$ cat run-v4.txt   # compact mmCIF, C-alpha atoms
# COMPACT_ATOMS: atom_id res chain seq x y z
CA MET A 1 53.46 121.54 145.16
CA LYS A 2 53.30 122.95 141.67
CA LYS A 3 52.87 120.28 139.04
CA PRO A 4 55.53 119.93 136.32
CA GLU A 5 54.85 121.73 133.08
CA ARG A 6 53.49 119.70 130.22
CA GLY A 7 56.15 118.01 128.16
CA LEU A 8 58.49 117.55 131.13
CA LYS A 9 58.89 114.02 132.38
CA MET A 10 58.87 113.47 136.10
CA PRO A 11 62.48 112.78 137.18
CA PHE A 12 61.29 110.22 139.69
CA LEU A 13 58.57 107.62 139.95
CA ARG A 14 56.41 108.20 142.99
CA LYS A 15 54.08 105.60 144.47
CA CYS A 16 53.59 107.31 147.81
CA LYS A 17 52.95 110.84 149.04
CA LEU A 18 56.10 112.72 150.00
CA PRO A 19 56.65 115.96 151.92
CA GLU A 20 57.23 118.89 149.57
CA ASP A 21 60.81 119.49 150.68
CA ILE A 22 61.72 115.83 150.06
CA GLU A 23 60.29 116.06 146.54
CA ASN A 24 62.29 119.24 146.03
CA TYR A 25 65.50 117.51 147.13
CA ILE A 26 64.82 114.63 144.73
CA ASN A 27 64.11 117.05 141.88
CA VAL A 28 67.38 118.89 142.54
CA VAL A 29 69.29 115.59 142.47
CA CYS A 30 67.66 114.44 139.22
CA ILE A 31 68.12 117.79 137.46
CA LEU A 32 71.78 118.12 138.47
CA ASP A 33 72.41 114.52 137.41
CA ALA A 34 70.85 115.19 134.00
CA VAL A 35 72.96 118.32 133.51
CA ARG A 36 76.07 116.14 133.81
CA VAL A 37 75.16 114.58 130.45
CA GLY A 38 73.85 117.78 128.90
CA ARG A 39 70.15 117.18 129.48
CA PHE A 40 67.26 119.12 131.10
CA LYS A 41 67.45 122.87 130.53
CA ARG A 42 65.47 123.59 133.69
CA LEU A 43 67.57 126.28 135.32
CA ARG A 44 64.66 128.37 136.63
CA GLU A 45 62.98 125.31 138.09
CA LEU A 46 66.24 124.25 139.73
CA GLU A 47 66.79 127.72 141.20
CA LYS A 48 63.25 127.67 142.65
CA TYR A 49 63.90 124.35 144.41
CA ILE A 50 67.25 125.59 145.73
CA ASP A 51 65.69 128.77 147.12
CA GLU A 52 62.85 126.86 148.78
CA LEU A 53 65.29 124.42 150.38
CA ASP A 54 67.80 127.18 151.27
CA LEU A 55 70.61 124.86 150.22
CA GLU A 56 73.35 127.49 150.58
CA ARG A 57 72.62 127.55 154.28
CA GLY A 58 71.93 123.83 154.63
CA ILE A 59 75.08 122.78 152.73
CA PRO A 60 78.04 125.12 153.50
CA GLU A 61 79.98 124.00 150.38
CA PHE A 62 77.00 124.74 148.14
CA LYS A 63 77.45 127.98 146.19
CA TRP A 64 74.61 128.68 143.78
CA LYS A 65 76.46 131.41 141.86
CA THR A 66 79.33 129.06 141.01
CA LEU A 67 77.01 126.15 140.29
CA LYS A 68 74.82 128.29 138.03
CA GLY A 69 77.85 129.37 136.01
CA ASP A 70 78.95 125.75 135.53
CA ILE A 71 75.45 124.66 134.48
CA GLU A 72 75.02 127.53 132.03
CA LEU A 73 78.33 126.63 130.41
CA LEU A 74 77.43 122.95 130.13
CA LEU A 75 74.01 123.71 128.67
CA SER A 76 75.39 126.27 126.22
CA LEU A 77 77.90 123.86 124.69
CA PRO A 78 75.59 122.62 121.89
CA GLY A 79 75.34 126.16 120.52
CA LYS A 80 79.12 126.42 120.38
CA SER A 81 79.52 123.39 118.13
CA PRO A 82 77.73 123.16 114.73
CA ILE A 83 78.00 119.36 114.74
CA LEU A 84 76.67 119.02 118.28
CA ARG A 85 73.91 121.51 117.53
CA LYS A 86 72.88 119.36 114.57
CA PHE A 87 72.94 116.21 116.71
CA THR A 88 70.84 117.73 119.48
CA SER A 89 68.26 118.91 116.93
CA ILE A 90 68.02 115.45 115.33
CA LEU A 91 67.67 113.55 118.61
CA PRO A 92 64.03 114.58 119.36
CA ILE A 93 63.04 113.66 115.80
CA LEU A 94 64.61 110.23 116.20
CA ASN A 95 62.84 109.67 119.51
CA MET A 96 59.50 110.61 117.97
CA SER A 97 60.12 108.36 114.94
CA ILE A 98 61.03 105.40 117.16
CA LEU A 99 57.90 105.87 119.24
CA LEU A 100 55.77 106.16 116.11
CA SER A 101 57.26 102.95 114.71
CA PHE A 102 56.38 101.02 117.86
CA LEU A 103 52.85 102.46 117.83
CA VAL A 104 52.36 101.44 114.18
CA MET A 105 53.47 97.88 114.97
CA ILE A 106 51.13 97.67 117.97
CA VAL A 107 48.20 98.98 115.92
CA LEU A 108 48.84 96.54 113.05
CA VAL A 109 49.14 93.53 115.37
CA THR A 110 46.00 94.58 117.25
CA ILE A 111 44.00 94.94 114.03
CA ASN A 112 45.27 91.57 112.84
CA ILE A 113 44.07 89.94 116.08
CA LEU A 114 40.69 91.67 116.27
CA SER A 115 39.80 92.01 112.58
CA PRO A 116 42.24 90.02 110.44
CA ARG A 117 40.14 90.54 107.29
CA LYS A 118 40.98 94.25 107.36
CA ILE A 119 44.63 93.43 106.69
CA THR A 120 44.80 93.32 102.90
CA PHE A 121 48.59 93.26 102.64
CA ASN A 122 51.38 90.94 103.76
CA LEU A 123 51.53 91.74 107.48
CA HIS A 124 54.68 89.71 108.11
CA ASP A 125 56.73 91.53 105.47
CA THR A 126 55.37 94.92 106.59
CA LEU A 127 56.30 94.25 110.22
CA MET A 128 59.77 93.09 109.18
CA ILE A 129 60.30 96.35 107.27
CA ILE A 130 59.10 98.43 110.24
CA ILE A 131 61.33 96.44 112.63
CA PHE A 132 64.30 96.95 110.32
CA ILE A 133 63.67 100.71 110.13
CA THR A 134 63.15 100.93 113.90
CA GLY A 135 66.41 99.08 114.49
CA GLY A 136 68.21 101.57 112.25
CA LEU A 137 66.66 104.48 114.15
CA LEU A 138 67.71 102.96 117.50
CA VAL A 139 71.29 102.54 116.27
CA ALA A 140 71.30 106.12 114.97
CA ARG A 141 70.01 107.40 118.33
CA TRP A 142 72.69 105.43 120.17
CA TYR A 143 75.42 106.85 117.89
CA ILE A 144 74.25 110.44 118.33
CA GLU A 145 73.94 110.06 122.11
CA GLU A 146 77.50 108.68 122.26
CA ARG A 147 78.85 111.62 120.23
CA ILE A 148 77.04 114.06 122.54
CA LYS A 149 78.51 112.37 125.61
CA GLU A 150 82.01 112.48 124.10
CA PHE A 151 81.66 116.21 123.52
CA TYR A 152 80.70 116.78 127.13
CA GLU A 153 83.76 114.85 128.31
CA GLU A 154 85.75 117.97 127.43
CA THR A 155 84.19 119.67 130.42
CA GLN A 156 85.19 116.92 132.82
CA LYS A 157 86.46 119.28 135.53
CA LYS A 158 83.17 121.11 135.84
CA LYS A 159 81.27 117.84 135.62
CA LEU A 160 83.29 116.41 138.49
CA ARG A 161 82.45 119.44 140.59
CA LEU A 162 78.81 119.04 139.63
CA SER A 163 79.01 115.38 140.63
CA ARG A 164 80.38 116.30 144.07
CA ILE A 165 77.61 118.87 144.57
CA THR A 166 74.96 116.31 143.55
CA GLN A 167 76.41 113.91 146.10
CA MET A 168 76.20 116.60 148.79
CA VAL A 169 72.51 117.08 148.02
CA ILE A 170 71.94 113.30 148.14
CA ASP A 171 73.69 113.15 151.52
CA LYS A 172 71.53 115.99 152.83
CA LEU A 173 68.41 114.28 151.45
CA LEU A 174 69.26 110.96 153.09
CA LYS A 175 70.01 112.64 156.40
CA THR A 176 66.70 114.51 156.32
CA ILE A 177 64.76 111.36 155.45
CA SER A 178 66.46 109.38 158.21
CA GLU A 179 66.00 112.05 160.88
CA ARG A 180 62.32 112.44 160.09
CA ASN A 181 61.75 108.71 159.54
CA ILE A 182 60.09 109.23 156.14
CA SER A 183 59.37 106.16 154.05
CA VAL A 184 60.81 106.35 150.53
CA GLU A 185 60.93 102.61 149.91
CA LYS A 186 58.54 102.88 146.95
CA VAL A 187 60.21 105.92 145.40
CA ARG A 188 62.21 105.23 142.25
CA LEU A 189 64.62 107.78 140.78
CA LYS A 190 65.63 107.93 137.11
CA LEU A 191 69.31 108.89 136.87
CA PHE A 192 71.73 109.10 133.96
CA ASN A 193 74.67 108.43 136.29
CA ALA A 194 74.95 105.86 139.08
CA ASP A 195 78.29 106.84 140.63
CA TYR A 196 76.70 108.20 143.81
CA LYS A 197 76.80 106.89 147.35
CA GLY A 198 73.45 106.31 149.03
CA ILE A 199 71.57 104.78 146.10
CA LEU A 200 70.77 101.21 145.13
CA ILE A 201 70.58 100.31 141.43
CA LEU A 202 67.40 98.42 140.59
CA LYS A 203 67.62 98.45 136.78
CA GLU A 204 70.52 99.13 134.46
CA PRO A 205 70.06 101.22 131.30
CA SER A 206 68.81 99.18 128.36
CA PHE A 207 68.57 99.59 124.62
CA PHE A 208 65.20 101.25 125.10
CA ARG A 209 65.91 103.16 128.35
CA GLU A 210 68.99 105.32 128.81
CA GLN A 211 68.61 105.92 132.55
CA TYR A 212 69.24 103.86 135.65
CA ILE A 213 66.27 103.10 137.88
CA VAL A 214 67.47 103.45 141.47
CA LYS A 215 66.11 103.84 144.98
CA LEU A 216 67.51 105.71 147.96
CA ASP A 217 69.56 103.65 150.41
CA VAL A 218 68.41 105.19 153.68
CA LYS A 219 70.29 104.04 156.78
CA LYS A 220 68.17 103.85 159.89
CA THR A 221 69.53 105.81 162.86
$ encode --input "run-v4.txt" --output "structure tokens"
Amino acid sequence: MKKPERGLKMPFLRKCKLPEDIENYINVVCILDAVRVGRFKRLRELEKYIDELDLERGIPEFKWKTLKGDIELLLSLPGKSPILRKFTSILPILNMSILLSFLVMIVLVTINILSPRKITFNLHDTLMIIIFITGGLLVARWYIEERIKEFYEETQKKKLRLSRITQMVIDKLLKTISERNISVEKVRLKLFNADYKGILILKEPSFFREQYIVKLDVKKT
């Protein structure tokens, strides 16, 4: 299976080898789920998975043309709102700044442990300042993400349809796994939404992680 392009995070955490079609199903689920909150502009990748799985034949209610139109509308919304466009452009900068802040703190603490004489300034005060700035960045990221989510609530009808389609794919995935007796016990999915049947929530979103960590609830036949 083709490896994800650089810069794209894997939508699931894999600790065991999976058949290619099962990975494709999981990718479709994770991408559709992310679209519901306006994330992951991976339309070509999604279309490739859908073609390989032949979902229009496997799921009678699945219509790619309609789904594609809904997704394109959802993903084009930031460009139709100056405020949202500004928010979506700031978000990556905030994420990078937060990561950099944590890295700086780790480096300073490590240096202080290994070579304390190299620290010629008040480490405690410096760390407090960095923590304060990081906290402000985290709050700003939370605020922007909430405003983005509110904007996407205006497209609730299309999102509900997208949710139903995602559930259909999950149902098809679970049926395929059960019929072929494939072990997915160690597979963990990262989802923005957890309102699906057939999943078990392992970890709730936290201040530092905006996604649920879930596993597939496969019923043995």
$ residues_around --input "run-v4.txt" --residues "segment 136-144 of chain A" --least-positions-apart "2" --cutoff "10 Å" --atoms "all atoms listed in the file" --output "compact mmCIF listing (two decimals) with C-alpha atoms, in the frame of the given file"
# COMPACT_ATOMS: atom_id res chain seq x y z
CA LEU A 84 76.67 119.02 118.28
CA LYS A 86 72.88 119.36 114.57
CA PHE A 87 72.94 116.21 116.71
CA THR A 88 70.84 117.73 119.48
CA ILE A 90 68.02 115.45 115.33
CA LEU A 91 67.67 113.55 118.61
CA PRO A 92 64.03 114.58 119.36
CA ILE A 93 63.04 113.66 115.80
CA LEU A 94 64.61 110.23 116.20
CA ASN A 95 62.84 109.67 119.51
CA SER A 97 60.12 108.36 114.94
CA ILE A 98 61.03 105.40 117.16
CA SER A 101 57.26 102.95 114.71
CA ILE A 130 59.10 98.43 110.24
CA ILE A 131 61.33 96.44 112.63
CA PHE A 132 64.30 96.95 110.32
CA ILE A 133 63.67 100.71 110.13
CA THR A 134 63.15 100.93 113.90
CA GLU A 146 77.50 108.68 122.26
CA ARG A 147 78.85 111.62 120.23
CA ILE A 148 77.04 114.06 122.54
CA LYS A 149 78.51 112.37 125.61
CA GLU A 150 82.01 112.48 124.10
CA PHE A 207 68.57 99.59 124.62
CA PHE A 208 65.20 101.25 125.10
CA GLU A 210 68.99 105.32 128.81
$ residues_around --input "run-v4.txt" --residues "Trp64 of chain A" --least-positions-apart "2" --cutoff "12 Å" --atoms "all atoms listed in the file" --output "PyMOL selection string"
chain A and resi 43+46-51+54-57+59-62+66-72+162+165
$ residues_around --input "run-v4.txt" --residues "Ile213 of chain A" --least-positions-apart "6" --cutoff "10 Å" --atoms "only C-alpha atoms" --output "PyMOL selection string"
chain A and resi 12-13+188-192+194+199-205
$ residues_around --input "run-v4.txt" --residues "Gly38 of chain A" --least-positions-apart "4" --cutoff "8 Å" --atoms "all atoms listed in the file" --output "list in words"
Ala34, Leu74, Leu75, Lys149 and Tyr152 of chain A
$ closest_residue --input "run-v4.txt" --among "A:Val109, A:Leu73, A:Leu53, A:Val37" --to "Lys172 of chain A" --atoms "all atoms listed in the file"
A:Leu53
$ build_atoms --input "run-v4.txt" --residues "segment 180-191 of chain A" --atoms "all heavy atoms" --output "tab-separated table (two decimals), in the frame of the given file"
chain	number	residue	atom	x	y	z
A	180	ARG	N	63.77	112.27	159.98
A	180	ARG	CA	62.32	112.44	160.09
A	180	ARG	C	61.56	111.12	159.89
A	180	ARG	O	60.34	111.09	159.92
A	180	ARG	CB	61.86	113.48	159.07
A	180	ARG	CG	62.35	114.88	159.45
A	180	ARG	CD	62.29	115.86	158.31
A	180	ARG	NE	60.96	115.97	157.71
A	180	ARG	CZ	60.67	116.73	156.64
A	180	ARG	NH1	61.65	117.44	156.07
A	180	ARG	NH2	59.47	116.78	156.16
A	181	ASN	N	62.34	110.05	159.68
A	181	ASN	CA	61.75	108.71	159.54
A	181	ASN	C	60.67	108.68	158.46
A	181	ASN	O	59.56	108.19	158.66
A	181	ASN	CB	61.16	108.24	160.87
A	181	ASN	CG	60.89	106.74	160.88
A	181	ASN	OD1	61.56	105.97	160.18
A	181	ASN	ND2	59.91	106.32	161.66
A	182	ILE	N	61.01	109.19	157.28
A	182	ILE	CA	60.09	109.23	156.14
A	182	ILE	C	60.32	108.00	155.27
A	182	ILE	O	61.46	107.66	154.95
A	182	ILE	CB	60.30	110.51	155.32
A	182	ILE	CG1	59.99	111.74	156.17
A	182	ILE	CG2	59.44	110.50	154.06
A	182	ILE	CD1	60.38	113.05	155.52
A	183	SER	N	59.26	107.35	154.89
A	183	SER	CA	59.37	106.16	154.05
A	183	SER	C	59.51	106.55	152.58
A	183	SER	O	58.66	107.25	152.03
A	183	SER	CB	58.14	105.27	154.23
A	183	SER	OG	58.19	104.18	153.33
A	184	VAL	N	60.60	106.11	151.97
A	184	VAL	CA	60.81	106.35	150.53
A	184	VAL	C	61.07	105.02	149.82
A	184	VAL	O	61.62	104.99	148.72
A	184	VAL	CB	61.99	107.33	150.28
A	184	VAL	CG1	61.64	108.72	150.74
A	184	VAL	CG2	63.26	106.84	150.97
A	185	GLU	N	60.66	103.94	150.44
A	185	GLU	CA	60.93	102.61	149.91
A	185	GLU	C	60.35	102.42	148.51
A	185	GLU	O	60.92	101.72	147.68
A	185	GLU	CB	60.36	101.55	150.86
A	185	GLU	CG	60.62	100.11	150.44
A	185	GLU	CD	62.09	99.76	150.34
A	185	GLU	OE1	62.89	100.35	151.11
A	185	GLU	OE2	62.44	98.91	149.51
A	186	LYS	N	59.20	103.06	148.25
A	186	LYS	CA	58.54	102.88	146.95
A	186	LYS	C	58.90	103.96	145.93
A	186	LYS	O	58.35	103.98	144.84
A	186	LYS	CB	57.02	102.86	147.16
A	186	LYS	CG	56.54	101.66	147.96
A	186	LYS	CD	55.02	101.65	148.06
A	186	LYS	CE	54.53	100.45	148.85
A	186	LYS	NZ	53.05	100.43	148.95
A	187	VAL	N	59.81	104.85	146.31
A	187	VAL	CA	60.21	105.92	145.40
A	187	VAL	C	61.35	105.44	144.50
A	187	VAL	O	62.34	104.90	144.99
A	187	VAL	CB	60.65	107.18	146.18
A	187	VAL	CG1	61.16	108.25	145.21
A	187	VAL	CG2	59.49	107.73	146.99
A	188	ARG	N	61.20	105.64	143.22
A	188	ARG	CA	62.21	105.23	142.25
A	188	ARG	C	62.72	106.46	141.50
A	188	ARG	O	61.92	107.21	140.93
A	188	ARG	CB	61.64	104.22	141.26
A	188	ARG	CG	61.06	102.96	141.93
A	188	ARG	CD	62.15	102.11	142.55
A	188	ARG	NE	61.62	100.90	143.13
A	188	ARG	CZ	61.40	100.74	144.43
A	188	ARG	NH1	61.64	101.75	145.27
A	188	ARG	NH2	60.96	99.60	144.91
A	189	LEU	N	64.03	106.65	141.49
A	189	LEU	CA	64.62	107.78	140.78
A	189	LEU	C	65.15	107.31	139.42
A	189	LEU	O	65.62	106.17	139.28
A	189	LEU	CB	65.77	108.39	141.57
A	189	LEU	CG	65.43	109.32	142.74
A	189	LEU	CD1	64.76	108.55	143.86
A	189	LEU	CD2	66.68	110.01	143.25
A	190	LYS	N	65.08	108.20	138.43
A	190	LYS	CA	65.63	107.93	137.11
A	190	LYS	C	66.88	108.80	136.94
A	190	LYS	O	66.78	110.01	136.83
A	190	LYS	CB	64.59	108.23	136.04
A	190	LYS	CG	63.36	107.36	136.11
A	190	LYS	CD	62.37	107.62	135.00
A	190	LYS	CE	61.63	108.93	135.17
A	190	LYS	NZ	60.57	109.14	134.16
A	191	LEU	N	68.05	108.16	136.93
A	191	LEU	CA	69.31	108.89	136.87
A	191	LEU	C	70.13	108.45	135.66
A	191	LEU	O	70.13	107.27	135.29
A	191	LEU	CB	70.13	108.64	138.15
A	191	LEU	CG	69.49	109.07	139.47
A	191	LEU	CD1	70.39	108.67	140.64
A	191	LEU	CD2	69.22	110.56	139.50
